[in-house]
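Have a look at input13.txt below; it lists compact mmCIF, C-alpha atoms and all ligand atoms.
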# COMPACT_ATOMS: atom_id res chain seq x y z
CA MET S 1 46.34 -63.21 -18.48
CA VAL S 2 48.97 -64.65 -20.78
CA THR S 3 50.73 -62.60 -23.42
CA ILE S 4 51.41 -64.62 -26.57
CA THR S 5 54.07 -62.98 -28.71
CA VAL S 6 54.64 -64.32 -32.24
CA CYS S 7 57.84 -63.44 -34.07
CA ILE S 8 56.96 -61.70 -37.32
CA GLY S 9 60.52 -61.29 -38.56
CA SER S 10 61.19 -62.37 -42.14
CA GLY S 11 62.55 -65.80 -41.17
CA CYS S 12 59.49 -66.70 -39.14
CA HIS S 13 57.21 -65.05 -41.69
CA VAL S 14 58.31 -67.48 -44.40
CA ARG S 15 57.80 -70.34 -41.95
CA GLY S 16 54.16 -69.41 -41.48
CA ALA S 17 53.98 -66.87 -38.63
CA ARG S 18 50.95 -65.18 -40.18
CA LYS S 19 48.98 -68.41 -40.36
CA ILE S 20 49.93 -69.18 -36.76
CA ILE S 21 48.59 -65.77 -35.69
CA GLU S 22 45.35 -66.48 -37.57
CA LYS S 23 44.99 -69.83 -35.81
CA ILE S 24 45.50 -68.24 -32.39
CA LYS S 25 42.96 -65.49 -33.20
CA GLN S 26 40.40 -68.07 -34.30
CA TYR S 27 40.98 -70.13 -31.15
CA ILE S 28 40.49 -67.02 -28.99
CA VAL S 29 37.15 -66.37 -30.71
CA ASP S 30 36.01 -70.01 -30.65
CA TYR S 31 36.73 -70.45 -26.94
CA ASP S 32 35.97 -66.90 -25.79
CA LEU S 33 39.50 -66.38 -24.43
CA ASP S 34 39.63 -62.65 -25.08
CA CYS S 35 40.10 -61.90 -21.38
CA ASN S 36 42.83 -64.52 -20.97
CA ILE S 37 45.15 -63.78 -23.89
CA THR S 38 46.94 -60.74 -25.23
CA LEU S 39 48.31 -61.42 -28.71
CA LYS S 40 51.31 -59.46 -29.91
CA GLY S 41 53.95 -59.57 -32.62
CA CYS S 42 57.67 -59.02 -32.20
CA PHE S 43 60.68 -58.57 -34.42
CA CYS S 44 63.37 -61.16 -35.03
CA GLN S 45 64.51 -63.02 -31.91
CA ASN S 46 67.77 -64.14 -33.57
CA LEU S 47 66.62 -67.76 -33.64
CA CYS S 48 65.47 -67.78 -37.27
CA ASN S 49 66.64 -71.35 -37.92
CA GLU S 50 64.41 -72.55 -35.08
CA GLY S 51 61.28 -70.60 -36.03
CA VAL S 52 58.54 -69.98 -35.80
CA ILE S 53 59.34 -68.48 -32.41
CA VAL S 54 56.43 -67.86 -30.02
CA LYS S 55 56.62 -66.58 -26.45
CA PHE S 56 54.07 -67.33 -23.74
CA ASN S 57 54.82 -64.51 -21.32
CA ASP S 58 58.60 -65.01 -20.90
CA LEU S 59 58.67 -68.66 -21.97
CA LEU S 60 60.15 -68.98 -25.45
CA VAL S 61 59.01 -71.87 -27.65
CA SER S 62 60.73 -72.70 -30.95
CA GLY S 63 59.62 -74.79 -33.88
CA VAL S 64 56.01 -73.67 -33.69
CA THR S 65 53.82 -74.63 -36.65
CA THR S 66 50.16 -74.35 -37.58
CA GLU S 67 49.89 -78.01 -36.57
CA ASN S 68 51.25 -77.64 -33.02
CA ILE S 69 50.33 -74.06 -31.99
CA ILE S 70 46.98 -74.98 -30.48
CA SER S 71 48.55 -77.67 -28.29
CA TYR S 72 50.94 -75.02 -26.92
CA VAL S 73 48.05 -72.60 -26.31
CA LYS S 74 46.21 -75.32 -24.42
CA LYS S 75 49.32 -76.20 -22.42
CA TYR S 76 50.47 -72.69 -21.50
CA VAL S 77 47.17 -70.79 -21.38
CA VAL S 78 44.10 -72.99 -20.99
CA ASN S 79 45.49 -75.73 -18.72
CA ARG S 80 48.06 -73.83 -16.73
S1 LIG S 101 62.64 -64.05 -37.83
FE1 LIG S 101 61.85 -65.05 -36.07
S2 LIG S 101 63.65 -65.49 -34.96
FE2 LIG S 101 64.42 -64.41 -36.67
Would you mind writing the structure in this file as structure tokens?
Ligand code: FES
Amino acid sequence: MVTITVCIGSGCHVRGARKIIEKIKQYIVDYDLDCNITLKGCFCQNLCNEGVIVKFNDLLVSGVTTENIISYVKKYVVNR
């Protein structure tokens, strides 16, 4: 089980955090990963200039976009 935590602070929100969450949710449905992923939101991680910030368990990843989020999910959840 991997906990994916997406920053939903205002800085990451304007950089597309909501769309990233939607992409993760859709991926979970498409690949039946409900038992493998817990999806959560968190408040500002004080790295707003590097957002969107996403954590995979305790591993923090910066610069996440709708274009690269699925590659991170594959790397840190599916293929780990
Ligand atoms: S709003 Fe996400 S790091 Fe500040």
- S:Val78, S:Lys19, S:Val52, S:Gln45 ranked by distance to Asp32 of chain S, top pick (using only C-alpha atoms): S:Val78
- Query: Counting all atoms listed in the file, what residues are within 8 Å of ligand LIG 101 (chain S), given as a PyMOL selection string?
  - Reply: chain S and resi 7-13+43-53
- Item | Minimum-distance residue to Gly16 of chain S, chosen among S:Asn57, S:Asn79, S:Thr65, S:Thr3 (using all atoms listed in the file) | S:Thr65
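Straight-line separation from atom CA of Gly63 of chain S to atom CA of Lys25 of chain S: 19.1 Å.
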- Kindly give the distance, in Å, that separates atom CA of Gly41 of chain S and atom CA of Ile28 of chain S, rounded to a single decimal. 15.8 Å
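Remark: for Thr38 of chain S, the closest of the candidate residues S:Val61, S:Ile70, S:Ile4, S:Val77 is S:Ile4 (distances computed over all atoms listed in the file).
Here atom CA of Val54 of chain S is placed at a distance of 17.9 Å from atom CA of Leu33 of chain S.
Nearest to Arg15 of chain S of all the residues S:Met1, S:Ser62, S:Ile37, S:Phe56 is S:Ser62, counting all atoms listed in the file.
With all atoms listed in the file as the atoms that count, the residue of S:Tyr72, S:Leu39, S:Arg18, S:Thr66 with the shortest distance to Val2 of chain S is S:Leu39.
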Serialized segment 25-73 of chain S w/ N, CA and C atoms as a PDB file, in the first residue's frame:
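What ended up in part.pdb:
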ATOM      1  N   LYS S  25      -7.024   9.522  -9.605  1.00  0.00           N
ATOM      2  CA  LYS S  25      -8.278   8.788  -9.351  1.00  0.00           C
ATOM      3  C   LYS S  25      -8.666   7.944 -10.566  1.00  0.00           C
ATOM      4  N   GLN S  26      -8.563   8.546 -11.756  1.00  0.00           N
ATOM      5  CA  GLN S  26      -8.934   7.823 -12.971  1.00  0.00           C
ATOM      6  C   GLN S  26      -8.008   6.631 -13.195  1.00  0.00           C
ATOM      7  N   TYR S  27      -6.726   6.820 -12.917  1.00  0.00           N
ATOM      8  CA  TYR S  27      -5.748   5.739 -13.087  1.00  0.00           C
ATOM      9  C   TYR S  27      -6.051   4.588 -12.120  1.00  0.00           C
ATOM     10  N   ILE S  28      -6.425   4.943 -10.887  1.00  0.00           N
ATOM     11  CA  ILE S  28      -6.782   3.927  -9.888  1.00  0.00           C
ATOM     12  C   ILE S  28      -7.962   3.095 -10.388  1.00  0.00           C
ATOM     13  N   VAL S  29      -8.963   3.767 -10.958  1.00  0.00           N
ATOM     14  CA  VAL S  29     -10.145   3.063 -11.482  1.00  0.00           C
ATOM     15  C   VAL S  29      -9.754   2.205 -12.683  1.00  0.00           C
ATOM     16  N   ASP S  30      -9.024   2.801 -13.626  1.00  0.00           N
ATOM     17  CA  ASP S  30      -8.685   2.104 -14.872  1.00  0.00           C
ATOM     18  C   ASP S  30      -7.876   0.836 -14.629  1.00  0.00           C
ATOM     19  N   TYR S  31      -6.984   0.901 -13.625  1.00  0.00           N
ATOM     20  CA  TYR S  31      -6.080  -0.237 -13.389  1.00  0.00           C
ATOM     21  C   TYR S  31      -6.400  -0.983 -12.096  1.00  0.00           C
ATOM     22  N   ASP S  32      -7.574  -0.711 -11.528  1.00  0.00           N
ATOM     23  CA  ASP S  32      -8.064  -1.448 -10.368  1.00  0.00           C
ATOM     24  C   ASP S  32      -7.028  -1.456  -9.228  1.00  0.00           C
ATOM     25  N   LEU S  33      -6.533  -0.262  -8.898  1.00  0.00           N
ATOM     26  CA  LEU S  33      -5.464  -0.133  -7.899  1.00  0.00           C
ATOM     27  C   LEU S  33      -5.982   0.306  -6.529  1.00  0.00           C
ATOM     28  N   ASP S  34      -7.280   0.165  -6.340  1.00  0.00           N
ATOM     29  CA  ASP S  34      -7.910   0.612  -5.102  1.00  0.00           C
ATOM     30  C   ASP S  34      -7.235   0.048  -3.854  1.00  0.00           C
ATOM     31  N   CYS S  35      -6.776  -1.188  -3.923  1.00  0.00           N
ATOM     32  CA  CYS S  35      -6.165  -1.841  -2.773  1.00  0.00           C
ATOM     33  C   CYS S  35      -4.695  -1.469  -2.609  1.00  0.00           C
ATOM     34  N   ASN S  36      -4.124  -0.796  -3.600  1.00  0.00           N
ATOM     35  CA  ASN S  36      -2.704  -0.480  -3.562  1.00  0.00           C
ATOM     36  C   ASN S  36      -2.415   0.975  -3.189  1.00  0.00           C
ATOM     37  N   ILE S  37      -3.399   1.839  -3.351  1.00  0.00           N
ATOM     38  CA  ILE S  37      -3.166   3.276  -3.194  1.00  0.00           C
ATOM     39  C   ILE S  37      -4.182   3.893  -2.253  1.00  0.00           C
ATOM     40  N   THR S  38      -3.669   4.687  -1.315  1.00  0.00           N
ATOM     41  CA  THR S  38      -4.515   5.591  -0.546  1.00  0.00           C
ATOM     42  C   THR S  38      -4.204   6.994  -1.022  1.00  0.00           C
ATOM     43  N   LEU S  39      -5.228   7.735  -1.424  1.00  0.00           N
ATOM     44  CA  LEU S  39      -5.037   9.082  -1.958  1.00  0.00           C
ATOM     45  C   LEU S  39      -5.502  10.105  -0.934  1.00  0.00           C
ATOM     46  N   LYS S  40      -4.601  11.040  -0.620  1.00  0.00           N
ATOM     47  CA  LYS S  40      -4.915  12.047   0.394  1.00  0.00           C
ATOM     48  C   LYS S  40      -4.511  13.430  -0.105  1.00  0.00           C
ATOM     49  N   GLY S  41      -5.021  14.441   0.550  1.00  0.00           N
ATOM     50  CA  GLY S  41      -4.581  15.807   0.297  1.00  0.00           C
ATOM     51  C   GLY S  41      -3.862  16.329   1.527  1.00  0.00           C
ATOM     52  N   CYS S  42      -3.020  17.329   1.332  1.00  0.00           N
ATOM     53  CA  CYS S  42      -2.357  17.954   2.478  1.00  0.00           C
ATOM     54  C   CYS S  42      -2.272  19.457   2.244  1.00  0.00           C
ATOM     55  N   PHE S  43      -2.004  20.181   3.296  1.00  0.00           N
ATOM     56  CA  PHE S  43      -1.860  21.620   3.196  1.00  0.00           C
ATOM     57  C   PHE S  43      -0.453  21.959   2.725  1.00  0.00           C
ATOM     58  N   CYS S  44      -0.210  23.231   2.551  1.00  0.00           N
ATOM     59  CA  CYS S  44       1.043  23.732   1.981  1.00  0.00           C
ATOM     60  C   CYS S  44       2.272  23.094   2.638  1.00  0.00           C
ATOM     61  N   GLN S  45       3.196  22.673   1.794  1.00  0.00           N
ATOM     62  CA  GLN S  45       4.436  22.039   2.255  1.00  0.00           C
ATOM     63  C   GLN S  45       5.612  23.028   2.241  1.00  0.00           C
ATOM     64  N   ASN S  46       5.297  24.299   2.074  1.00  0.00           N
ATOM     65  CA  ASN S  46       6.302  25.374   2.039  1.00  0.00           C
ATOM     66  C   ASN S  46       7.309  25.214   0.907  1.00  0.00           C
ATOM     67  N   LEU S  47       6.839  24.648  -0.191  1.00  0.00           N
ATOM     68  CA  LEU S  47       7.667  24.514  -1.396  1.00  0.00           C
ATOM     69  C   LEU S  47       6.864  25.000  -2.604  1.00  0.00           C
ATOM     70  N   CYS S  48       6.095  26.057  -2.393  1.00  0.00           N
ATOM     71  CA  CYS S  48       5.114  26.492  -3.404  1.00  0.00           C
ATOM     72  C   CYS S  48       5.755  26.749  -4.763  1.00  0.00           C
ATOM     73  N   ASN S  49       6.963  27.293  -4.778  1.00  0.00           N
ATOM     74  CA  ASN S  49       7.617  27.595  -6.053  1.00  0.00           C
ATOM     75  C   ASN S  49       8.008  26.341  -6.819  1.00  0.00           C
ATOM     76  N   GLU S  50       7.981  25.196  -6.147  1.00  0.00           N
ATOM     77  CA  GLU S  50       8.371  23.936  -6.792  1.00  0.00           C
ATOM     78  C   GLU S  50       7.178  23.028  -7.042  1.00  0.00           C
ATOM     79  N   GLY S  51       5.968  23.528  -6.807  1.00  0.00           N
ATOM     80  CA  GLY S  51       4.776  22.696  -6.925  1.00  0.00           C
ATOM     81  C   GLY S  51       4.483  22.269  -8.353  1.00  0.00           C
ATOM     82  N   VAL S  52       3.644  21.354  -8.525  1.00  0.00           N
ATOM     83  CA  VAL S  52       2.810  20.754  -7.486  1.00  0.00           C
ATOM     84  C   VAL S  52       3.643  19.720  -6.713  1.00  0.00           C
ATOM     85  N   ILE S  53       3.442  19.711  -5.407  1.00  0.00           N
ATOM     86  CA  ILE S  53       4.155  18.784  -4.542  1.00  0.00           C
ATOM     87  C   ILE S  53       3.287  17.541  -4.299  1.00  0.00           C
ATOM     88  N   VAL S  54       3.870  16.374  -4.514  1.00  0.00           N
ATOM     89  CA  VAL S  54       3.181  15.101  -4.273  1.00  0.00           C
ATOM     90  C   VAL S  54       4.122  14.205  -3.480  1.00  0.00           C
ATOM     91  N   LYS S  55       3.567  13.541  -2.452  1.00  0.00           N
ATOM     92  CA  LYS S  55       4.367  12.591  -1.684  1.00  0.00           C
ATOM     93  C   LYS S  55       3.884  11.174  -1.948  1.00  0.00           C
ATOM     94  N   PHE S  56       4.851  10.280  -2.138  1.00  0.00           N
ATOM     95  CA  PHE S  56       4.593   8.849  -2.247  1.00  0.00           C
ATOM     96  C   PHE S  56       5.135   8.236  -0.964  1.00  0.00           C
ATOM     97  N   ASN S  57       4.251   7.897  -0.035  1.00  0.00           N
ATOM     98  CA  ASN S  57       4.636   7.635   1.349  1.00  0.00           C
ATOM     99  C   ASN S  57       5.459   8.824   1.827  1.00  0.00           C
ATOM    100  N   ASP S  58       6.728   8.647   2.216  1.00  0.00           N
ATOM    101  CA  ASP S  58       7.517   9.773   2.717  1.00  0.00           C
ATOM    102  C   ASP S  58       8.391  10.418   1.650  1.00  0.00           C
ATOM    103  N   LEU S  59       8.334   9.909   0.430  1.00  0.00           N
ATOM    104  CA  LEU S  59       9.158  10.461  -0.645  1.00  0.00           C
ATOM    105  C   LEU S  59       8.459  11.667  -1.280  1.00  0.00           C
ATOM    106  N   LEU S  60       9.105  12.815  -1.188  1.00  0.00           N
ATOM    107  CA  LEU S  60       8.509  14.044  -1.723  1.00  0.00           C
ATOM    108  C   LEU S  60       9.005  14.285  -3.144  1.00  0.00           C
ATOM    109  N   VAL S  61       8.046  14.532  -4.051  1.00  0.00           N
ATOM    110  CA  VAL S  61       8.374  14.826  -5.444  1.00  0.00           C
ATOM    111  C   VAL S  61       7.843  16.220  -5.768  1.00  0.00           C
ATOM    112  N   SER S  62       8.679  17.049  -6.381  1.00  0.00           N
ATOM    113  CA  SER S  62       8.259  18.403  -6.754  1.00  0.00           C
ATOM    114  C   SER S  62       8.075  18.485  -8.263  1.00  0.00           C
ATOM    115  N   GLY S  63       7.460  19.569  -8.690  1.00  0.00           N
ATOM    116  CA  GLY S  63       7.295  19.796 -10.126  1.00  0.00           C
ATOM    117  C   GLY S  63       6.367  18.820 -10.811  1.00  0.00           C
ATOM    118  N   VAL S  64       5.397  18.304 -10.065  1.00  0.00           N
ATOM    119  CA  VAL S  64       4.467  17.336 -10.660  1.00  0.00           C
ATOM    120  C   VAL S  64       3.424  18.077 -11.501  1.00  0.00           C
ATOM    121  N   THR S  65       3.130  17.517 -12.663  1.00  0.00           N
ATOM    122  CA  THR S  65       2.150  18.095 -13.584  1.00  0.00           C
ATOM    123  C   THR S  65       1.179  17.005 -14.016  1.00  0.00           C
ATOM    124  N   THR S  66       0.137  17.412 -14.746  1.00  0.00           N
ATOM    125  CA  THR S  66      -0.785  16.410 -15.285  1.00  0.00           C
ATOM    126  C   THR S  66      -0.081  15.542 -16.322  1.00  0.00           C
ATOM    127  N   GLU S  67       0.989  16.071 -16.911  1.00  0.00           N
ATOM    128  CA  GLU S  67       1.719  15.305 -17.929  1.00  0.00           C
ATOM    129  C   GLU S  67       2.615  14.229 -17.311  1.00  0.00           C
ATOM    130  N   ASN S  68       3.190  14.500 -16.127  1.00  0.00           N
ATOM    131  CA  ASN S  68       4.162  13.532 -15.587  1.00  0.00           C
ATOM    132  C   ASN S  68       3.646  12.716 -14.397  1.00  0.00           C
ATOM    133  N   ILE S  69       2.450  13.017 -13.883  1.00  0.00           N
ATOM    134  CA  ILE S  69       2.006  12.323 -12.665  1.00  0.00           C
ATOM    135  C   ILE S  69       1.888  10.814 -12.868  1.00  0.00           C
ATOM    136  N   ILE S  70       1.399  10.381 -14.020  1.00  0.00           N
ATOM    137  CA  ILE S  70       1.208   8.941 -14.191  1.00  0.00           C
ATOM    138  C   ILE S  70       2.554   8.211 -14.233  1.00  0.00           C
ATOM    139  N   SER S  71       3.584   8.850 -14.788  1.00  0.00           N
ATOM    140  CA  SER S  71       4.893   8.194 -14.793  1.00  0.00           C
ATOM    141  C   SER S  71       5.413   8.032 -13.365  1.00  0.00           C
ATOM    142  N   TYR S  72       5.130   8.999 -12.488  1.00  0.00           N
ATOM    143  CA  TYR S  72       5.532   8.851 -11.085  1.00  0.00           C
ATOM    144  C   TYR S  72       4.724   7.747 -10.396  1.00  0.00           C
ATOM    145  N   VAL S  73       3.436   7.667 -10.701  1.00  0.00           N
ATOM    146  CA  VAL S  73       2.611   6.605 -10.098  1.00  0.00           C
ATOM    147  C   VAL S  73       3.138   5.237 -10.524  1.00  0.00           C
TER     148      VAL S  73
END
